[in-house]
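As stored in entry-v3.pdb (PDB, C-alpha atoms and all ligand atoms):
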MODEL        1
ATOM      1  CA  MET A  12       3.938   0.583  20.637
ATOM      2  CA  LEU A  13       7.435   1.441  19.574
ATOM      3  CA  PRO A  14       9.465  -0.721  17.225
ATOM      4  CA  LYS A  15      11.951  -3.063  18.908
ATOM      5  CA  ARG A  16      15.097  -1.163  18.094
ATOM      6  CA  ILE A  17      13.593   1.985  19.538
ATOM      7  CA  SER A  18      12.587   0.418  22.817
ATOM      8  CA  VAL A  19      16.147  -0.729  23.511
ATOM      9  CA  ILE A  20      17.480   2.755  22.852
ATOM     10  CA  THR A  21      14.693   4.218  24.940
ATOM     11  CA  LEU A  22      15.774   2.152  27.898
ATOM     12  CA  ARG A  23      19.417   3.044  27.532
ATOM     13  CA  MET A  24      18.909   6.763  26.961
ATOM     14  CA  ALA A  25      16.005   7.067  29.405
ATOM     15  CA  TYR A  26      13.808   9.346  27.339
ATOM     16  CA  LYS A  27      11.170  11.431  29.000
ATOM     17  CA  SER A  28       8.462  10.406  26.594
ATOM     18  CA  LYS A  29       7.714   8.056  23.723
ATOM     19  CA  GLU A  30       7.564  11.074  21.423
ATOM     20  CA  ASP A  31      11.126  12.016  22.384
ATOM     21  CA  ALA A  32      12.310   8.516  21.674
ATOM     22  CA  ALA A  33      10.446   8.386  18.380
ATOM     23  CA  ARG A  34      11.946  11.709  17.308
ATOM     24  CA  TYR A  35      15.420  10.524  18.267
ATOM     25  CA  ASN A  36      14.938   7.365  16.265
ATOM     26  CA  ARG A  37      13.601   9.182  13.273
ATOM     27  CA  GLU A  38      16.638  11.413  13.269
ATOM     28  CA  TRP A  39      18.865   8.423  13.849
ATOM     29  CA  TYR A  40      17.272   6.637  10.942
ATOM     30  CA  PHE A  41      17.814   9.513   8.505
ATOM     31  CA  SER A  42      21.368  10.246   9.611
ATOM     32  CA  HIS A  43      22.316   6.567   9.452
ATOM     33  CA  LYS A  44      20.266   5.614   6.413
ATOM     34  CA  LYS A  45      23.250   5.434   4.090
ATOM     35  CA  SER A  46      25.658   3.638   6.398
ATOM     36  CA  GLU A  47      22.922   1.289   7.605
ATOM     37  CA  GLY A  48      22.084   0.423   4.020
ATOM     38  CA  ALA A  49      25.739  -0.310   3.349
ATOM     39  CA  ARG A  50      26.004  -2.393   6.528
ATOM     40  CA  LYS A  51      22.953  -4.446   5.604
ATOM     41  CA  LYS A  52      24.308  -4.978   2.122
ATOM     42  CA  ARG A  53      27.639  -6.136   3.563
ATOM     43  CA  GLU A  54      25.952  -8.477   6.043
ATOM     44  CA  ARG A  55      23.839  -9.922   3.263
ATOM     45  CA  LYS A  56      26.902 -10.508   1.117
ATOM     46  CA  ASN A  57      28.766 -12.173   3.987
ATOM     47  CA  ALA A  58      25.797 -14.397   4.807
ATOM     48  CA  ILE A  59      25.487 -15.544   1.204
ATOM     49  CA  ALA A  60      29.225 -16.178   1.019
ATOM     50  CA  ALA A  61      28.886 -18.333   4.143
ATOM     51  CA  GLY A  62      26.074 -20.320   2.517
ATOM     52  CA  LEU A  63      23.344 -18.610   4.531
ATOM     53  CA  CYS A  64      20.071 -16.982   3.487
ATOM     54  CA  GLY A  65      20.478 -13.393   2.278
ATOM     55  CA  ARG A  66      17.218 -12.337   3.896
ATOM     56  CA  CYS A  67      17.183 -13.763   7.426
ATOM     57  CA  ARG A  68      20.960 -14.411   7.347
ATOM     58  CA  HIS A  69      20.903 -17.355   9.722
ATOM     59  CA  ARG A  70      19.265 -20.295   7.985
ATOM     60  CA  PRO A  71      21.126 -22.239   5.281
ATOM     61  CA  LYS A  72      20.274 -20.987   1.807
ATOM     62  CA  LEU A  73      18.738 -23.184  -0.888
ATOM     63  CA  PRO A  74      21.016 -24.457  -3.697
ATOM     64  CA  ASP A  75      19.949 -22.247  -6.613
ATOM     65  CA  ILE A  76      18.672 -19.103  -4.938
ATOM     66  CA  LEU A  77      19.868 -16.696  -2.270
ATOM     67  CA  LEU A  78      17.067 -17.494   0.193
ATOM     68  CA  CYS A  79      16.276 -20.212   2.715
ATOM     69  CA  SER A  80      13.116 -22.279   2.367
ATOM     70  CA  TRP A  81      11.459 -20.409   5.244
ATOM     71  CA  CYS A  82      12.067 -17.013   3.638
ATOM     72  CA  VAL A  83      10.870 -18.316   0.263
ATOM     73  CA  GLU A  84       7.600 -19.291   1.944
ATOM     74  CA  GLN A  85       7.384 -15.885   3.622
ATOM     75  CA  MET A  86       7.962 -14.042   0.359
ATOM     76  CA  ARG A  87       5.404 -16.222  -1.385
ATOM     77  CA  ALA A  88       2.823 -15.558   1.305
ATOM     78  CA  LEU A  89       3.439 -11.806   1.109
ATOM     79  CA  ASP A  90       3.150 -11.891  -2.655
ATOM     80  CA  ARG A  91      -0.069 -13.873  -2.480
ATOM     81  CA  LYS A  92      -1.531 -11.419  -0.003
ATOM     82  CA  ARG A  93      -0.611  -8.498  -2.217
ATOM     83  CA  SER A  94      -2.074 -10.203  -5.291
ATOM     84  CA  VAL A  95      -5.371 -10.886  -3.556
ATOM     85  CA  ARG A  96      -5.535  -7.262  -2.410
ATOM     86  CA  ASP A  97      -4.845  -6.010  -5.948
ATOM     87  CA  LYS A  98      -7.473  -8.338  -7.366
ATOM     88  CA  GLU A  99     -10.056  -7.213  -4.809
ATOM     89  CA  ILE A 100      -9.489  -3.570  -5.716
ATOM     90  CA  VAL A 101      -9.702  -4.223  -9.460
ATOM     91  CA  VAL A 102     -12.777  -6.465  -9.221
ATOM     92  CA  LYS A 103     -14.560  -3.805  -7.198
ATOM     93  CA  ALA A 104     -13.585  -1.085  -9.686
ATOM     94  CA  TYR A 105     -15.009  -3.076 -12.605
ATOM     95  CA  GLY A 106     -18.369  -3.716 -11.018
ATOM     96  CA  GLY A 107     -17.733  -6.713  -8.771
ATOM     97  CA  LYS A 108     -19.509  -9.383 -10.818
ATOM     98  CA  CYS A 109     -19.298 -11.463 -14.001
ATOM     99  CA  SER A 110     -20.776  -9.450 -16.862
ATOM    100  CA  CYS A 111     -22.290 -12.648 -18.297
ATOM    101  CA  CYS A 112     -23.726 -14.667 -15.424
ATOM    102  CA  GLY A 113     -23.435 -12.322 -12.454
ATOM    103  CA  GLU A 114     -21.128 -14.577 -10.440
ATOM    104  CA  SER A 115     -19.508 -12.433  -7.749
ATOM    105  CA  LYS A 116     -17.082 -14.679  -5.852
ATOM    106  CA  ILE A 117     -13.670 -13.106  -6.230
ATOM    107  CA  GLU A 118     -11.967 -16.494  -6.598
ATOM    108  CA  PHE A 119     -13.888 -17.108  -9.841
ATOM    109  CA  MET A 120     -13.231 -13.696 -11.378
ATOM    110  CA  SER A 121     -11.030 -12.990 -14.347
ATOM    111  CA  ILE A 122     -10.458 -10.030 -16.593
ATOM    112  CA  ASP A 123     -11.694 -10.147 -20.160
ATOM    113  CA  HIS A 124     -10.608  -8.013 -23.098
ATOM    114  CA  PRO A 125     -13.811  -7.752 -25.139
ATOM    115  CA  ASN A 126     -11.916  -6.289 -28.099
ATOM    116  CA  GLY A 127      -9.985  -9.565 -28.192
ATOM    117  CA  ASP A 128      -6.485  -8.250 -27.724
ATOM    118  CA  GLY A 129      -5.746 -10.562 -24.808
ATOM    119  CA  HIS A 130      -3.016 -12.413 -26.609
ATOM    120  CA  GLU A 131      -1.489  -9.244 -27.983
ATOM    121  CA  HIS A 132      -1.635  -7.697 -24.528
ATOM    122  CA  ARG A 133       0.126 -10.656 -22.940
ATOM    123  CA  ARG A 134       2.795 -10.670 -25.599
ATOM    124  CA  ARG A 135       3.349  -6.953 -25.178
ATOM    125  CA  GLY A 136       3.575  -7.548 -21.435
ATOM    126  CA  LYS A 137       6.369 -10.032 -21.940
ATOM    127  CA  ASP A 138       8.275  -7.652 -24.204
ATOM    128  CA  ASN A 139       7.885  -4.860 -21.710
ATOM    129  CA  ALA A 140       9.089  -7.068 -18.876
ATOM    130  CA  ARG A 141      12.093  -7.937 -20.943
ATOM    131  CA  ASN A 142      12.756  -4.270 -21.550
ATOM    132  CA  ASN A 143      12.394  -3.697 -17.830
ATOM    133  CA  GLN A 144       9.333  -1.568 -18.362
ATOM    134  CA  GLU A 145       5.837  -2.141 -17.112
ATOM    135  CA  LYS A 146       4.903  -5.721 -16.446
ATOM    136  CA  THR A 147       1.434  -6.423 -17.726
ATOM    137  CA  GLY A 148      -0.455  -9.298 -19.199
ATOM    138  CA  ALA A 149      -0.879 -12.794 -17.892
ATOM    139  CA  GLY A 150      -2.082 -13.836 -14.475
ATOM    140  CA  ILE A 151      -1.913 -11.555 -11.503
ATOM    141  CA  HIS A 152       0.097  -8.883 -13.322
ATOM    142  CA  ILE A 153      -3.005  -7.732 -15.149
ATOM    143  CA  TYR A 154      -4.576  -6.651 -11.838
ATOM    144  CA  ARG A 155      -1.481  -4.756 -10.812
ATOM    145  CA  TRP A 156      -1.290  -3.170 -14.239
ATOM    146  CA  LEU A 157      -4.976  -2.154 -14.291
ATOM    147  CA  LYS A 158      -4.638  -0.638 -10.842
ATOM    148  CA  ARG A 159      -1.532   1.276 -11.768
ATOM    149  CA  ASN A 160      -3.185   2.568 -14.939
ATOM    150  CA  ASN A 161      -6.300   3.777 -13.133
ATOM    151  CA  PHE A 162      -8.690   1.059 -14.366
ATOM    152  CA  PRO A 163      -8.789   1.873 -18.112
ATOM    153  CA  SER A 164     -11.930   1.106 -20.083
ATOM    154  CA  GLY A 165     -12.005  -1.774 -22.575
ATOM    155  CA  TYR A 166     -11.864  -4.443 -19.875
ATOM    156  CA  ARG A 167     -14.636  -6.282 -18.117
ATOM    157  CA  LEU A 168     -15.107  -8.960 -15.506
ATOM    158  CA  LEU A 169     -15.990 -12.493 -16.472
ATOM    159  CA  CYS A 170     -15.972 -15.545 -14.252
ATOM    160  CA  PHE A 171     -13.608 -18.304 -15.320
ATOM    161  CA  ASN A 172     -16.494 -20.430 -16.615
ATOM    162  CA  CYS A 173     -17.831 -17.737 -18.924
ATOM    163  CA  ASN A 174     -14.368 -16.583 -19.932
ATOM    164  CA  CYS A 175     -13.062 -20.090 -20.727
ATOM    165  CA  SER A 176     -16.148 -21.054 -22.666
ATOM    166  CA  ARG A 177     -15.785 -17.959 -24.811
ATOM    167  CA  GLY A 178     -12.108 -18.718 -25.290
ATOM    168  CA  PHE A 179     -12.579 -22.364 -26.299
ATOM    169  CA  PHE A 180     -15.970 -22.361 -28.036
ATOM    170  CA  GLY A 181     -16.370 -18.729 -29.027
ATOM    171  CA  TYR A 182     -19.596 -18.383 -27.033
ATOM    172  CA  CYS A 183     -20.931 -18.860 -23.521
ATOM    173  CA  PRO A 184     -23.820 -21.325 -22.932
ATOM    174  CA  HIS A 185     -25.442 -18.585 -20.846
ATOM    175  CA  GLU A 186     -25.856 -16.485 -23.995
ATOM    176  CA  ARG A 187     -27.583 -19.397 -25.767
ATOM    177  CA  GLU A 188     -29.796 -19.958 -22.751
ATOM    178  CA  ARG A 189     -30.783 -16.317 -22.801
ATOM    179  CA  GLN A 190     -31.423 -16.394 -26.557
ATOM    180  CA  HIS A 191     -33.481 -19.558 -26.158
ATOM    181  CA  ILE A 192     -35.579 -17.946 -23.468
ATOM    182  CA  THR A 193     -36.155 -14.920 -25.689
ATOM    183  CA  VAL A 194     -37.144 -17.110 -28.642
ATOM    184  CA  VAL A 195     -39.557 -19.167 -26.558
ATOM    185  CA  ALA A 196     -41.056 -16.073 -25.001
TER
HETATM  186 ZN    ZN A 201      15.904 -16.892   5.338
HETATM  187 ZN    ZN A 202     -19.967 -15.914 -15.479
HETATM  188 ZN    ZN A 203     -21.732 -16.997 -19.128
ENDMDL
END
Please express what this file holds, its structure, as C-alpha cells.
Ligand SMILES: [Zn+2]
Ligand SMILES: [Zn+2]
Ligand SMILES: [Zn+2]
Amino acid sequence: MLPKRISVITLRMAYKSKEDAARYNREWYFSHKKSEGARKKRERKNAIAAGLCGRCRHRPKLPDILLCSWCVEQMRALDRKRSVRDKEIVVKAYGGKCSCCGESKIEFMSIDHPNGDGHEHRRRGKDNARNNQEKTGAGIHIYRWLKRNNFPSGYRLLCFNCNCSRGFFGYCPHERERQHITVVA
C-alpha cells in the first residue's frame, strides 16, 4: 500500500510500477522537505490566527492551548500508548515481577530505588527538565529514562502494594509474614 499522497501522484503521472512511484515520492520528499516544512508552519500559524486547531487545522481550537479537543484526545492516546510500551520494555528488562511478592501484572508494577534516592532522583529530574536536559523522575518518565539509559542497576521492580507499604510504614507485611514463617519453622 502506498501512502495517500503518493497514490494521487501515481494516477496523474501514470507510473509503470509502485517502485517507480515510491522512488519519485522519496525524491520529491527530500527535494521539498524544506519548503514543505515552511508551508506547514505557515498553515499552522494561519489556522491558529483564525482560531483553529494547529494540528488538524479545521476544528476550533480550545481557549488556552493551540489544539482542538479531538486532537488533545489523540495526543493523549498516543502518549498513553507510548508510555505503556516503555513500561512493558522496562518491566521485562528488570525481571518482570515484584521482587517482594512476585506479582507480575504490569498495571501493578512500579520502580523502586532500593538505595532510597527516590526523592533525590525526582528532584533532580525536575531540575533537569527545567534546564531542558533529560527528564527523569516521577511517573512515566522514569521508564523512559531507564530505557534511554540502558536499564542501569540500582533499581528493582515492586508492585504498588509492596512499594507503598515500604514508603509509608518502612516495611512490607510480606517480609513479616516470611519472617514469621521462618521463626515458626
Ligand atoms: Zn485538531
Ligand atoms: Zn509485591
Ligand atoms: Zn511485599
Distance of atom CA of A:Lys103 from atom CA of A:Phe119, expressed in Å to one decimal place: 13.6 Å
Surrounding residues as number ranges by chain, ligand ZN 202 (chain A), max 6 Å, all atoms listed in the file: A: 109, 111-114, 169-170, 172-173
Box in all listed atoms of stretch 66-72 of chain A, axis-aligned, with 5 Å more on each side; write out centre and edge lengths in Å to one decimal as lines of an AutoDock Vina configuration file.
center_x = 19.2
center_y = -17.3
center_z = 5.8
size_x = 13.9
size_y = 19.9
size_z = 17.9
Near-ligand residues for ligand ZN 201 (chain A), threshold 12 Å, all atoms listed in the file, as JSON, numbers by chain: {"A": [55, 58, 59, 62, 63, 64, 65, 66, 67, 68, 69, 70, 71, 72, 73, 76, 77, 78, 79, 80, 81, 82, 83, 84, 85, 86]}
Writer output for current selection, C-alpha atoms, as a PDB file, keeping the file's coordinate frame:
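Contents of the output file selection33.pdb:
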ATOM      1  CA  ARG A  55      23.839  -9.922   3.263  1.00  0.00           C
ATOM      2  CA  ALA A  58      25.797 -14.397   4.807  1.00  0.00           C
ATOM      3  CA  ILE A  59      25.487 -15.544   1.204  1.00  0.00           C
ATOM      4  CA  GLY A  62      26.074 -20.320   2.517  1.00  0.00           C
ATOM      5  CA  LEU A  63      23.344 -18.610   4.531  1.00  0.00           C
ATOM      6  CA  CYS A  64      20.071 -16.982   3.487  1.00  0.00           C
ATOM      7  CA  GLY A  65      20.478 -13.393   2.278  1.00  0.00           C
ATOM      8  CA  ARG A  66      17.218 -12.337   3.896  1.00  0.00           C
ATOM      9  CA  CYS A  67      17.183 -13.763   7.426  1.00  0.00           C
ATOM     10  CA  ARG A  68      20.960 -14.411   7.347  1.00  0.00           C
ATOM     11  CA  HIS A  69      20.903 -17.355   9.722  1.00  0.00           C
ATOM     12  CA  ARG A  70      19.265 -20.295   7.985  1.00  0.00           C
ATOM     13  CA  PRO A  71      21.126 -22.239   5.281  1.00  0.00           C
ATOM     14  CA  LYS A  72      20.274 -20.987   1.807  1.00  0.00           C
ATOM     15  CA  LEU A  73      18.738 -23.184  -0.888  1.00  0.00           C
ATOM     16  CA  ILE A  76      18.672 -19.103  -4.938  1.00  0.00           C
ATOM     17  CA  LEU A  77      19.868 -16.696  -2.270  1.00  0.00           C
ATOM     18  CA  LEU A  78      17.067 -17.494   0.193  1.00  0.00           C
ATOM     19  CA  CYS A  79      16.276 -20.212   2.715  1.00  0.00           C
ATOM     20  CA  SER A  80      13.116 -22.279   2.367  1.00  0.00           C
ATOM     21  CA  TRP A  81      11.459 -20.409   5.244  1.00  0.00           C
ATOM     22  CA  CYS A  82      12.067 -17.013   3.638  1.00  0.00           C
ATOM     23  CA  VAL A  83      10.870 -18.316   0.263  1.00  0.00           C
ATOM     24  CA  GLU A  84       7.600 -19.291   1.944  1.00  0.00           C
ATOM     25  CA  GLN A  85       7.384 -15.885   3.622  1.00  0.00           C
ATOM     26  CA  MET A  86       7.962 -14.042   0.359  1.00  0.00           C
TER      27      MET A  86
END
For atom CA of A:His124 and atom CA of A:Val95, the interatomic separation in Å (one decimal): 20.4 Å
Surrounding residues of A:Phe171 excluding itself and chain neighbours under 6 positions, 12 Å, only C-alpha atoms, as an NGL selection string: :A and (108-123 or 177-179 or 183)
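When atom CA of A:Asp97 is paired with atom CA of A:Ser176, their separation reads 25.2 Å.
Between ligand ZN 203 (chain A) and the residues A:Asn174, A:Ser164, A:Gln190, A:Asn36, the shortest atom-to-atom distance, using only C-alpha atoms and all ligand atoms, involves A:Asn174.
If all atoms listed in the file are the atoms counted, then among A:His185, A:Lys158, A:Lys51, A:Lys56 the closest residue to ligand ZN 203 (chain A) is A:His185.
With all atoms listed in the file as the atoms that count, the residue of A:Leu89, A:Cys175, A:Ile151, A:Ala33 with the shortest distance to ligand ZN 203 (chain A) is A:Cys175.
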Nearest residue to A:Pro163 from the set A:Lys45, A:Glu186, A:His191, A:Val101 (distances using all atoms listed in the file): A:Val101
Selected residue, from A:Glu99, A:Glu38, A:Asp31, A:Glu188, that lies nearest to ligand ZN 203 (chain A) when counting all atoms listed in the file: A:Glu188
